[in-house]
$ cat run.txt   # compact mmCIF, C-alpha atoms
# COMPACT_ATOMS: atom_id res chain seq x y z
CA MET A 1 107.16 291.97 59.87
CA TYR A 2 106.16 294.29 57.14
CA PRO A 3 102.57 295.40 56.82
CA THR A 4 100.52 293.90 54.10
CA ARG A 5 100.39 296.03 50.99
CA HIS A 6 97.06 296.15 49.23
CA PRO A 7 96.42 297.11 45.68
CA ARG A 8 96.01 300.72 44.80
CA THR A 9 92.51 301.99 44.97
CA ARG A 10 90.72 304.02 42.38
CA SER A 11 91.75 307.18 44.14
CA GLY A 12 95.36 306.23 43.98
CA PHE A 13 96.12 305.72 47.69
CA TRP A 14 97.51 302.64 49.39
CA PHE A 15 95.90 301.13 52.49
CA ARG A 16 97.97 299.44 55.08
CA VAL A 17 95.98 297.18 57.45
CA HIS A 18 97.41 295.45 60.44
CA PRO A 19 96.65 291.67 60.49
CA GLY A 20 95.19 291.85 64.01
CA ARG A 21 92.88 294.66 63.05
CA LEU A 22 91.90 292.71 59.99
CA SER A 23 90.87 289.77 62.11
CA LEU A 24 88.79 291.97 64.41
CA LEU A 25 87.13 293.60 61.43
CA ALA A 26 86.26 290.25 59.90
CA LEU A 27 84.83 289.04 63.20
CA ALA A 28 82.61 292.16 63.50
CA VAL A 29 81.37 291.75 59.96
CA LEU A 30 80.60 288.09 60.63
CA ILE A 31 78.67 288.88 63.81
CA THR A 32 76.73 291.66 62.06
CA SER A 33 75.83 289.42 59.15
CA CYS A 34 74.74 286.64 61.50
CA ALA A 35 72.55 289.05 63.49
CA SER A 36 70.99 290.40 60.30
CA ALA A 37 70.29 286.88 59.09
CA ALA A 38 68.73 285.96 62.44
CA ASP A 39 66.56 289.07 62.34
CA ARG A 40 65.42 288.29 58.83
CA THR A 41 64.67 284.71 59.87
CA MET A 42 62.58 285.86 62.88
CA GLU A 43 60.76 288.38 60.72
CA SER A 44 59.92 285.73 58.16
CA ILE A 45 58.76 283.35 60.89
CA SER A 46 56.62 286.07 62.48
CA SER A 47 55.17 287.06 59.12
CA SER A 48 54.34 283.45 58.33
CA ALA A 49 52.71 282.93 61.71
CA LEU A 50 50.75 286.17 61.45
CA SER A 51 49.55 285.34 57.96
CA GLY A 52 48.55 281.88 59.17
CA GLU A 53 46.58 283.33 62.07
CA GLN A 54 44.86 285.79 59.76
CA GLU A 55 43.96 283.05 57.34
CA ALA A 56 42.62 280.92 60.18
CA ALA A 57 40.63 283.87 61.57
CA VAL A 58 38.96 284.63 58.25
CA PRO A 59 35.86 282.43 57.84
CA GLU A 60 35.09 280.61 54.67
CA SER A 61 32.15 282.91 54.02
CA ALA A 62 34.23 286.08 54.29
CA PRO A 63 32.97 288.99 52.21
CA ALA A 64 34.74 290.05 49.08
CA GLU A 65 37.54 292.58 49.09
CA GLY A 66 36.45 296.19 49.54
CA VAL A 67 33.32 295.25 51.51
CA GLN A 68 33.50 296.11 55.22
CA PRO A 69 31.22 294.04 57.47
CA VAL A 70 28.94 296.09 59.74
CA ALA A 71 29.18 295.07 63.40
CA ASP A 72 25.96 294.99 65.41
CA VAL A 73 26.78 297.33 68.29
CA PRO A 74 24.06 297.30 70.99
CA GLN A 75 22.66 300.77 71.56
CA PRO A 76 22.04 301.88 75.17
CA LEU A 77 18.42 302.07 76.21
CA PRO A 78 17.03 305.58 76.78
CA GLN A 79 16.67 306.59 80.41
CA LEU A 80 13.09 307.87 80.77
CA VAL A 81 11.31 309.64 83.62
CA LYS A 82 7.61 308.70 83.36
CA ARG A 83 4.59 310.35 84.98
CA ALA A 84 0.96 309.28 84.67
CA GLU A 85 -2.33 310.99 85.55
CA LEU A 86 -5.55 309.05 85.96
CA MET A 87 -9.08 310.26 86.75
CA ILE A 88 -11.62 307.58 87.64
CA GLU A 89 -15.29 307.77 88.60
CA VAL A 90 -16.04 305.24 91.35
CA SER A 91 -19.09 304.23 93.35
CA ALA A 92 -17.39 304.49 96.77
CA VAL A 93 -14.35 306.73 97.23
CA GLU A 94 -13.18 305.26 100.53
CA GLU A 95 -13.11 301.70 99.20
CA ALA A 96 -11.36 302.85 96.02
CA ILE A 97 -8.63 304.56 98.10
CA ASP A 98 -7.93 301.34 100.02
CA GLN A 99 -7.83 299.30 96.82
CA ALA A 100 -5.49 301.79 95.08
CA VAL A 101 -3.04 301.75 98.02
CA ALA A 102 -3.12 297.94 98.07
CA ILE A 103 -2.38 297.82 94.32
CA ALA A 104 0.58 300.21 94.66
CA ARG A 105 2.14 298.34 97.58
CA GLY A 106 1.57 295.00 95.89
CA ALA A 107 3.64 296.24 92.93
CA GLY A 108 6.52 297.33 95.17
CA GLY A 109 5.50 300.98 95.37
CA ASP A 110 4.02 303.20 98.06
CA LEU A 111 1.67 306.09 98.74
CA LEU A 112 3.32 309.53 98.66
CA GLY A 113 0.32 311.80 99.28
CA LEU A 114 -3.44 311.71 99.95
CA SER A 115 -6.11 314.40 99.87
CA ASN A 116 -9.68 313.44 100.80
CA GLN A 117 -12.38 315.86 101.98
CA SER A 118 -16.01 315.17 102.75
CA PRO A 119 -18.47 317.14 100.57
CA PRO A 120 -20.51 319.91 102.24
CA ASN A 121 -23.79 318.43 101.03
CA GLU A 122 -25.17 315.55 99.01
CA SER A 123 -25.35 317.59 95.82
CA VAL A 124 -21.52 317.87 95.68
CA PRO A 125 -19.72 314.59 94.81
CA GLN A 126 -16.84 313.42 96.97
CA VAL A 127 -13.38 313.76 95.38
CA ALA A 128 -10.04 312.32 96.54
CA SER A 129 -6.53 312.69 95.11
CA LEU A 130 -3.63 310.26 95.58
CA GLU A 131 0.04 310.39 94.54
CA ILE A 132 1.54 306.93 94.09
CA ARG A 133 5.10 305.84 93.28
CA VAL A 134 5.67 302.47 91.61
CA PRO A 135 8.62 300.80 89.82
CA GLN A 136 8.77 301.85 86.18
CA ALA A 137 8.80 298.22 85.06
CA ARG A 138 5.35 297.73 86.70
CA LEU A 139 3.84 301.03 85.59
CA GLU A 140 1.62 299.66 82.82
CA THR A 141 0.43 296.78 85.00
CA VAL A 142 -0.50 299.15 87.83
CA LEU A 143 -2.36 301.47 85.44
CA ASP A 144 -4.40 298.54 84.13
CA GLN A 145 -5.28 297.48 87.68
CA LEU A 146 -6.26 301.02 88.69
CA SER A 147 -8.45 301.36 85.61
CA GLN A 148 -10.59 298.51 86.92
CA LEU A 149 -11.64 300.51 90.00
CA GLY A 150 -14.32 302.34 88.02
CA GLN A 151 -14.96 304.29 84.86
CA VAL A 152 -11.87 306.06 83.50
CA GLU A 153 -12.62 309.69 82.69
CA GLN A 154 -9.11 310.93 81.75
CA GLN A 155 -5.68 309.34 81.39
CA PHE A 156 -2.32 310.95 80.58
CA LEU A 157 1.21 309.53 80.33
CA THR A 158 4.37 311.63 79.83
CA ALA A 159 8.00 310.53 79.45
CA GLU A 160 11.19 312.61 79.60
CA ASP A 161 14.53 311.33 78.29
CA VAL A 162 17.31 312.14 80.80
CA SER A 163 20.09 310.04 79.25
CA ALA A 164 22.21 313.10 78.46
CA GLN A 165 21.88 314.41 82.02
CA LEU A 166 22.94 311.06 83.48
CA VAL A 167 25.99 310.90 81.20
CA ASP A 168 26.93 314.48 82.10
CA TYR A 169 26.61 313.84 85.85
CA GLU A 170 28.64 310.63 85.63
CA ALA A 171 31.42 312.33 83.63
CA ARG A 172 31.60 315.25 86.06
CA LEU A 173 31.68 312.84 88.98
CA ARG A 174 34.58 310.88 87.46
CA ASN A 175 36.56 314.07 86.82
CA LEU A 176 35.98 315.28 90.37
CA ARG A 177 37.13 311.97 91.83
CA LYS A 178 40.31 312.12 89.72
CA ALA A 179 40.87 315.68 90.96
CA GLU A 180 40.36 314.44 94.51
CA GLU A 181 43.03 311.77 94.03
CA THR A 182 45.41 314.37 92.62
CA VAL A 183 44.87 316.74 95.53
CA LEU A 184 45.34 313.90 98.01
CA GLY A 185 48.66 313.09 96.33
CA ILE A 186 49.71 316.72 96.65
CA MET A 187 48.82 316.76 100.34
CA ASP A 188 51.12 313.78 100.97
CA ARG A 189 54.10 315.86 99.90
CA SER A 190 55.85 318.01 102.44
CA GLY A 191 55.36 321.73 102.13
CA GLU A 192 54.64 324.93 103.96
CA ILE A 193 51.62 325.28 106.21
CA SER A 194 49.99 327.86 103.94
CA GLU A 195 50.25 325.54 100.96
CA VAL A 196 48.83 322.63 102.95
CA LEU A 197 45.89 324.76 104.11
CA GLN A 198 45.23 325.92 100.56
CA VAL A 199 45.25 322.34 99.28
CA ALA A 200 42.97 321.27 102.13
CA GLN A 201 40.48 324.01 101.22
CA GLU A 202 40.55 322.91 97.60
CA LEU A 203 39.96 319.31 98.72
CA ARG A 204 36.91 320.40 100.75
CA ASN A 205 35.49 322.22 97.73
CA ILE A 206 36.01 319.18 95.51
CA ARG A 207 34.37 316.84 98.01
CA GLN A 208 31.43 319.21 98.42
CA SER A 209 30.93 319.22 94.64
CA ILE A 210 31.19 315.41 94.63
CA GLU A 211 28.47 315.12 97.29
CA GLN A 212 26.20 317.55 95.45
CA ILE A 213 26.53 315.84 92.06
CA ASP A 214 26.28 312.41 93.67
CA GLY A 215 23.00 313.43 95.29
CA GLU A 216 21.59 314.83 92.05
CA LEU A 217 22.66 311.69 90.21
CA ALA A 218 21.00 309.45 92.81
CA SER A 219 17.80 311.52 92.67
CA LEU A 220 17.69 311.35 88.87
CA ARG A 221 18.27 307.59 88.88
CA ASN A 222 15.48 307.21 91.44
CA ARG A 223 13.11 309.15 89.17
CA VAL A 224 14.07 306.85 86.32
CA ASN A 225 13.58 303.68 88.33
CA TYR A 226 10.28 304.77 89.92
CA SER A 227 7.34 306.41 88.14
CA THR A 228 4.75 308.70 89.74
CA ILE A 229 0.99 308.30 89.29
CA THR A 230 -1.47 311.06 90.19
CA LEU A 231 -4.81 309.38 90.79
CA SER A 232 -8.09 311.34 91.11
CA LEU A 233 -11.16 309.52 92.42
CA GLU A 234 -14.63 311.04 92.08
CA ALA A 235 -17.85 309.55 93.46
CA LYS A 236 -20.72 308.96 91.09
CA ALA A 237 -23.54 311.51 91.30
CA ALA A 238 -26.82 310.24 92.73
CA GLY A 239 -29.33 309.55 89.98
CA THR A 240 -32.57 311.61 89.91
CA PRO A 241 -35.87 310.00 88.89
CA SER A 242 -36.96 310.86 85.42
CA GLN A 243 -40.66 311.18 86.40
CA ILE A 244 -42.31 312.12 89.71
CA THR A 245 -45.49 310.16 90.45
CA VAL A 246 -48.73 311.55 91.98
CA ILE A 247 -48.25 309.56 95.16
CA THR A 248 -44.81 311.06 95.58
CA GLN A 249 -46.18 314.57 95.12
CA LEU A 250 -48.99 313.97 97.65
CA GLY A 251 -46.53 312.53 100.10
CA ASP A 252 -44.28 315.54 99.72
CA SER A 253 -47.28 317.87 100.24
CA TRP A 254 -48.35 316.00 103.39
CA GLN A 255 -44.86 316.16 104.81
CA GLY A 256 -44.63 319.86 104.00
CA ALA A 257 -48.02 320.59 105.64
CA THR A 258 -47.19 318.66 108.80
CA ARG A 259 -43.86 320.41 109.07
CA SER A 260 -45.58 323.78 108.61
CA MET A 261 -48.23 322.99 111.24
CA ALA A 262 -45.59 321.88 113.69
CA THR A 263 -43.64 325.05 113.08
CA PHE A 264 -46.76 327.25 113.55
CA THR A 265 -47.68 325.45 116.78
CA VAL A 266 -44.21 325.91 118.15
CA ASN A 267 -44.32 329.57 117.27
CA LEU A 268 -47.66 330.05 119.11
CA ILE A 269 -46.33 328.31 122.18
CA GLN A 270 -43.24 330.51 122.12
CA ILE A 271 -45.43 333.64 121.89
CA GLY A 272 -47.52 332.44 124.85
CA ILE A 273 -44.39 331.87 126.88
CA TRP A 274 -43.17 335.38 126.12
CA LEU A 275 -46.55 336.87 127.09
CA LEU A 276 -46.63 334.88 130.31
CA VAL A 277 -43.16 335.99 131.29
CA TYR A 278 -43.97 339.67 130.67
CA SER A 279 -47.51 339.46 132.23
CA PRO A 280 -46.65 341.65 135.28
CA TYR A 281 -45.75 344.46 132.99
CA TRP A 282 -48.93 344.00 131.00
CA LEU A 283 -51.02 344.05 134.22
CA LEU A 284 -49.24 347.18 135.42
CA LEU A 285 -49.88 348.94 132.15
CA ALA A 286 -53.52 347.87 132.17
CA GLY A 287 -53.99 349.18 135.80
CA MET A 288 -52.44 352.50 134.93
CA GLY A 289 -54.67 352.81 131.91
CA TYR A 290 -57.78 352.03 133.97
CA TRP A 291 -56.80 354.61 136.66
CA LEU A 292 -56.26 357.30 134.05
CA HIS A 293 -59.57 356.45 132.50
CA ARG A 294 -61.36 356.77 135.86
CA LEU A 295 -59.54 359.96 136.65
CA LEU A 296 -60.48 361.60 133.42
CA LYS A 297 -64.03 360.43 133.70
CA GLY A 298 -64.43 361.82 137.26
CA ASP A 299 -63.23 365.33 136.29
CA ARG A 300 -65.96 365.77 133.69
CA PRO A 301 -69.12 367.73 134.88
CA SER A 302 -72.25 365.65 134.95
CA SER A 303 -75.54 366.76 133.28
CA ALA A 304 -77.35 367.14 136.69
CA ASP A 305 -74.81 369.65 137.96
CA ARG A 306 -75.48 371.91 135.09
$ encode --input "run.txt" --output "C-alpha cells"
Amino acid sequence: MYPTRHPRTRSGFWFRVHPGRLSLLALAVLITSCASAADRTMESISSSALSGEQEAAVPESAPAEGVQPVADVPQPLPQLVKRAELMIEVSAVEEAIDQAVAIARGAGGDLLGLSNQSPPNESVPQVASLEIRVPQARLETVLDQLSQLGQVEQQFLTAEDVSAQLVDYEARLRNLRKAEETVLGIMDRSGEISEVLQVAQELRNIRQSIEQIDGELASLRNRVNYSTITLSLEAKAAGTPSQITVITQLGDSWQGATRSMATFTVNLIQIGIWLLVYSPYWLLLAGMGYWLHRLLKGDRPSSADR
C-alpha cells in the first residue's frame, strides 16, 4: 500500500504520513481538546460559584466602590502595676490596725508588713505603718474602706505600664521553648559522645534561661494582678485646754507644795539615818577634840603660879 500523498506545502516539501500514525495523532488531538474543554467548563463553573458566593456575602447596604470599611479590632488592655500610699489620722492606732487587716483579708488580700512602736511619752503621738497587698480589681474599694478609718492626711496612687515587658518575656519564652524542642530532636540522633555532651550542656543552658524568664514573668504578672498599699496610721494628739482656770492653778500649786514637802521630809530623814550610822566616828572625833582641849588648857601657867 502506498503512503498517502498530501498536497505540497508553502515551503515546497511533501509530507508522507502513515495511516496508523494519523489515527494516533487524531486521537491525541481529540483527547487534548476534550481535556481543555473540561478545564474551561470547570473554570467557568468555579467562577460562577465564586461570584455567586461573593454576591451572597455582600450585604445590601454595602459601601460604594473605593470605600474600605474599617473593622473594629479590640485593643488589648494595658497591663498596669499600681501602688498606693495612704496616711490617716485615727483616734486609736491598735483598733485601726485590726480594722485595716480585716479589710484587706476581706477583699482577698493579706498583710505583708507591720511596724508599730509605742511612743516614749504622751507628747509624742503613736505611729504605725502597714504594707497590704490586695487584688487590683478591688483596689479602689479597699482604699475607700480604709479612708473611713479616720481623717485622710495624704493619699498617692501610681501606675506603671508593663505591657511591653510582658510581651518581651512571652516572646523570649516561646523562642527558648522552640530551641529546647530543636535541641531535644538533635539529642535523639546518634552521634559521638562529645557531641552529645555538648548538646546536653546547651540544653541545660536553655532550660536555665527558661526557668529564669518564667520566674520573672510570673513575678511581673503577680505585680499586675495584686496592688500594694502602704498605710500609715497616726494617733490624734491630745487636745490642750485653751484657758487654765484659777481652781486648776491652785490645785497645781497645792500638789507641787505637797510634793516638795514630802521630798524635803524624806531628805531630812535620809540625813538623820546617815548621821546615826556614822555616830561612832562623830563621838570619837568629839572625844579626841575634848582631850586635846583639856591637854592644852592644863599646860598653860595659871595666874597664882606667877
$ atom_distance --input "run.txt" --atom1 "atom CA of Leu173 of chain A" --atom2 "atom CA of Val196 of chain A"
24.2 Å
$ residues_around --input "run.txt" --residues "segment 221-237 of chain A" --least-positions-apart "4" --cutoff "7 Å" --atoms "only C-alpha atoms" --output "VMD selection string"
chain A and resid 79 to 93 125 to 136 139 217
$ atom_distance --input "run.txt" --atom1 "atom CA of Phe156 of chain A" --atom2 "atom CA of Ala96 of chain A"
19.6 Å
$ closest_residue --input "run.txt" --among "A:Gln201, A:Gln99, A:Gln255, A:Thr263" --to "Gln145 of chain A" --atoms "only C-alpha atoms"
A:Gln99
$ residues_around --input "run.txt" --residues "Ile103 of chain A" --least-positions-apart "5" --cutoff "9 Å" --atoms "all atoms listed in the file" --output "list in words"
Asp98, Gly108, Gly109, Val142, Gln145 and Leu146 of chain A
$ atom_distance --input "run.txt" --atom1 "atom CA of Leu157 of chain A" --atom2 "atom CA of Val101 of chain A"
19.8 Å
$ closest_residue --input "run.txt" --among "A:Leu276, A:Ala137, A:Leu296, A:Ala200" --to "Met187 of chain A" --atoms "only C-alpha atoms"
A:Ala200
$ closest_residue --input "run.txt" --among "A:Ser123, A:Ser118, A:Gln165, A:Ser260" --to "Ser219 of chain A" --atoms "all atoms listed in the file"
A:Gln165
$ closest_residue --input "run.txt" --among "A:Glu211, A:Glu192, A:Asp144, A:Glu216" --to "Tyr169 of chain A" --atoms "only C-alpha atoms"
A:Glu216
$ decode --input "run.txt" --residues "segment 214-237 of chain A" --atoms "N, CA, C and O atoms" --output "PDB file, in the first residue's frame"
ATOM      1  N   ASP A 214      10.735  32.503  83.056  1.00  0.00           N
ATOM      2  CA  ASP A 214       9.420  32.105  83.555  1.00  0.00           C
ATOM      3  C   ASP A 214       9.174  32.668  84.947  1.00  0.00           C
ATOM      4  O   ASP A 214       8.054  33.120  85.263  1.00  0.00           O
ATOM      5  N   GLY A 215      10.190  32.691  85.791  1.00  0.00           N
ATOM      6  CA  GLY A 215      10.036  33.283  87.118  1.00  0.00           C
ATOM      7  C   GLY A 215       9.804  34.785  87.066  1.00  0.00           C
ATOM      8  O   GLY A 215       8.955  35.323  87.786  1.00  0.00           O
ATOM      9  N   GLU A 216      10.564  35.486  86.221  1.00  0.00           N
ATOM     10  CA  GLU A 216      10.363  36.928  86.080  1.00  0.00           C
ATOM     11  C   GLU A 216       8.982  37.243  85.518  1.00  0.00           C
ATOM     12  O   GLU A 216       8.329  38.205  85.948  1.00  0.00           O
ATOM     13  N   LEU A 217       8.530  36.422  84.574  1.00  0.00           N
ATOM     14  CA  LEU A 217       7.200  36.633  84.002  1.00  0.00           C
ATOM     15  C   LEU A 217       6.112  36.404  85.046  1.00  0.00           C
ATOM     16  O   LEU A 217       5.142  37.179  85.130  1.00  0.00           O
ATOM     17  N   ALA A 218       6.262  35.361  85.865  1.00  0.00           N
ATOM     18  CA  ALA A 218       5.275  35.100  86.919  1.00  0.00           C
ATOM     19  C   ALA A 218       5.265  36.219  87.956  1.00  0.00           C
ATOM     20  O   ALA A 218       4.193  36.639  88.429  1.00  0.00           O
ATOM     21  N   SER A 219       6.454  36.726  88.313  1.00  0.00           N
ATOM     22  CA  SER A 219       6.524  37.825  89.277  1.00  0.00           C
ATOM     23  C   SER A 219       5.872  39.093  88.725  1.00  0.00           C
ATOM     24  O   SER A 219       5.145  39.796  89.440  1.00  0.00           O
ATOM     25  N   LEU A 220       6.111  39.381  87.457  1.00  0.00           N
ATOM     26  CA  LEU A 220       5.517  40.576  86.859  1.00  0.00           C
ATOM     27  C   LEU A 220       4.005  40.441  86.761  1.00  0.00           C
ATOM     28  O   LEU A 220       3.268  41.413  87.019  1.00  0.00           O
ATOM     29  N   ARG A 221       3.525  39.269  86.403  1.00  0.00           N
ATOM     30  CA  ARG A 221       2.069  39.064  86.353  1.00  0.00           C
ATOM     31  C   ARG A 221       1.450  39.172  87.736  1.00  0.00           C
ATOM     32  O   ARG A 221       0.336  39.678  87.891  1.00  0.00           O
ATOM     33  N   ASN A 222       2.167  38.717  88.757  1.00  0.00           N
ATOM     34  CA  ASN A 222       1.665  38.834  90.127  1.00  0.00           C
ATOM     35  C   ASN A 222       1.574  40.291  90.545  1.00  0.00           C
ATOM     36  O   ASN A 222       0.621  40.696  91.222  1.00  0.00           O
ATOM     37  N   ARG A 223       2.554  41.102  90.152  1.00  0.00           N
ATOM     38  CA  ARG A 223       2.503  42.532  90.461  1.00  0.00           C
ATOM     39  C   ARG A 223       1.367  43.228  89.729  1.00  0.00           C
ATOM     40  O   ARG A 223       0.816  44.221  90.228  1.00  0.00           O
ATOM     41  N   VAL A 224       1.021  42.724  88.549  1.00  0.00           N
ATOM     42  CA  VAL A 224      -0.101  43.298  87.818  1.00  0.00           C
ATOM     43  C   VAL A 224      -1.427  42.908  88.471  1.00  0.00           C
ATOM     44  O   VAL A 224      -2.339  43.733  88.616  1.00  0.00           O
ATOM     45  N   ASN A 225      -1.535  41.658  88.887  1.00  0.00           N
ATOM     46  CA  ASN A 225      -2.791  41.174  89.450  1.00  0.00           C
ATOM     47  C   ASN A 225      -3.038  41.685  90.864  1.00  0.00           C
ATOM     48  O   ASN A 225      -4.201  41.829  91.272  1.00  0.00           O
ATOM     49  N   TYR A 226      -1.971  41.965  91.619  1.00  0.00           N
ATOM     50  CA  TYR A 226      -2.114  42.412  93.000  1.00  0.00           C
ATOM     51  C   TYR A 226      -1.407  43.759  93.179  1.00  0.00           C
ATOM     52  O   TYR A 226      -0.271  43.923  92.772  1.00  0.00           O
ATOM     53  N   SER A 227      -2.113  44.691  93.813  1.00  0.00           N
ATOM     54  CA  SER A 227      -1.573  46.023  94.077  1.00  0.00           C
ATOM     55  C   SER A 227      -1.132  46.119  95.537  1.00  0.00           C
ATOM     56  O   SER A 227      -1.666  45.430  96.411  1.00  0.00           O
ATOM     57  N   THR A 228      -0.166  47.000  95.782  1.00  0.00           N
ATOM     58  CA  THR A 228       0.394  47.183  97.124  1.00  0.00           C
ATOM     59  C   THR A 228      -0.037  48.524  97.686  1.00  0.00           C
ATOM     60  O   THR A 228       0.022  49.550  97.000  1.00  0.00           O
ATOM     61  N   ILE A 229      -0.466  48.510  98.957  1.00  0.00           N
ATOM     62  CA  ILE A 229      -0.893  49.725  99.657  1.00  0.00           C
ATOM     63  C   ILE A 229       0.006  49.909 100.868  1.00  0.00           C
ATOM     64  O   ILE A 229       0.143  49.008 101.696  1.00  0.00           O
ATOM     65  N   THR A 230       0.634  51.068 100.977  1.00  0.00           N
ATOM     66  CA  THR A 230       1.407  51.441 102.157  1.00  0.00           C
ATOM     67  C   THR A 230       0.548  52.357 103.014  1.00  0.00           C
ATOM     68  O   THR A 230       0.245  53.488 102.629  1.00  0.00           O
ATOM     69  N   LEU A 231       0.145  51.856 104.172  1.00  0.00           N
ATOM     70  CA  LEU A 231      -0.783  52.572 105.039  1.00  0.00           C
ATOM     71  C   LEU A 231      -0.053  53.060 106.281  1.00  0.00           C
ATOM     72  O   LEU A 231       0.604  52.275 106.976  1.00  0.00           O
ATOM     73  N   SER A 232      -0.145  54.371 106.558  1.00  0.00           N
ATOM     74  CA  SER A 232       0.448  54.978 107.751  1.00  0.00           C
ATOM     75  C   SER A 232      -0.675  55.459 108.652  1.00  0.00           C
ATOM     76  O   SER A 232      -1.541  56.231 108.214  1.00  0.00           O
ATOM     77  N   LEU A 233      -0.648  55.005 109.909  1.00  0.00           N
ATOM     78  CA  LEU A 233      -1.662  55.382 110.898  1.00  0.00           C
ATOM     79  C   LEU A 233      -0.997  56.208 112.000  1.00  0.00           C
ATOM     80  O   LEU A 233       0.019  55.795 112.559  1.00  0.00           O
ATOM     81  N   GLU A 234      -1.574  57.348 112.284  1.00  0.00           N
ATOM     82  CA  GLU A 234      -1.035  58.246 113.314  1.00  0.00           C
ATOM     83  C   GLU A 234      -2.145  58.610 114.279  1.00  0.00           C
ATOM     84  O   GLU A 234      -3.248  58.982 113.867  1.00  0.00           O
ATOM     85  N   ALA A 235      -1.850  58.485 115.594  1.00  0.00           N
ATOM     86  CA  ALA A 235      -2.845  58.800 116.613  1.00  0.00           C
ATOM     87  C   ALA A 235      -3.033  60.308 116.725  1.00  0.00           C
ATOM     88  O   ALA A 235      -2.100  61.091 116.511  1.00  0.00           O
ATOM     89  N   LYS A 236      -4.243  60.686 117.039  1.00  0.00           N
ATOM     90  CA  LYS A 236      -4.537  62.111 117.208  1.00  0.00           C
ATOM     91  C   LYS A 236      -3.845  62.637 118.459  1.00  0.00           C
ATOM     92  O   LYS A 236      -3.781  61.962 119.489  1.00  0.00           O
ATOM     93  N   ALA A 237      -3.333  63.863 118.377  1.00  0.00           N
ATOM     94  CA  ALA A 237      -2.675  64.492 119.529  1.00  0.00           C
ATOM     95  C   ALA A 237      -3.719  64.893 120.546  1.00  0.00           C
ATOM     96  O   ALA A 237      -4.828  65.318 120.213  1.00  0.00           O
TER      97      ALA A 237
END
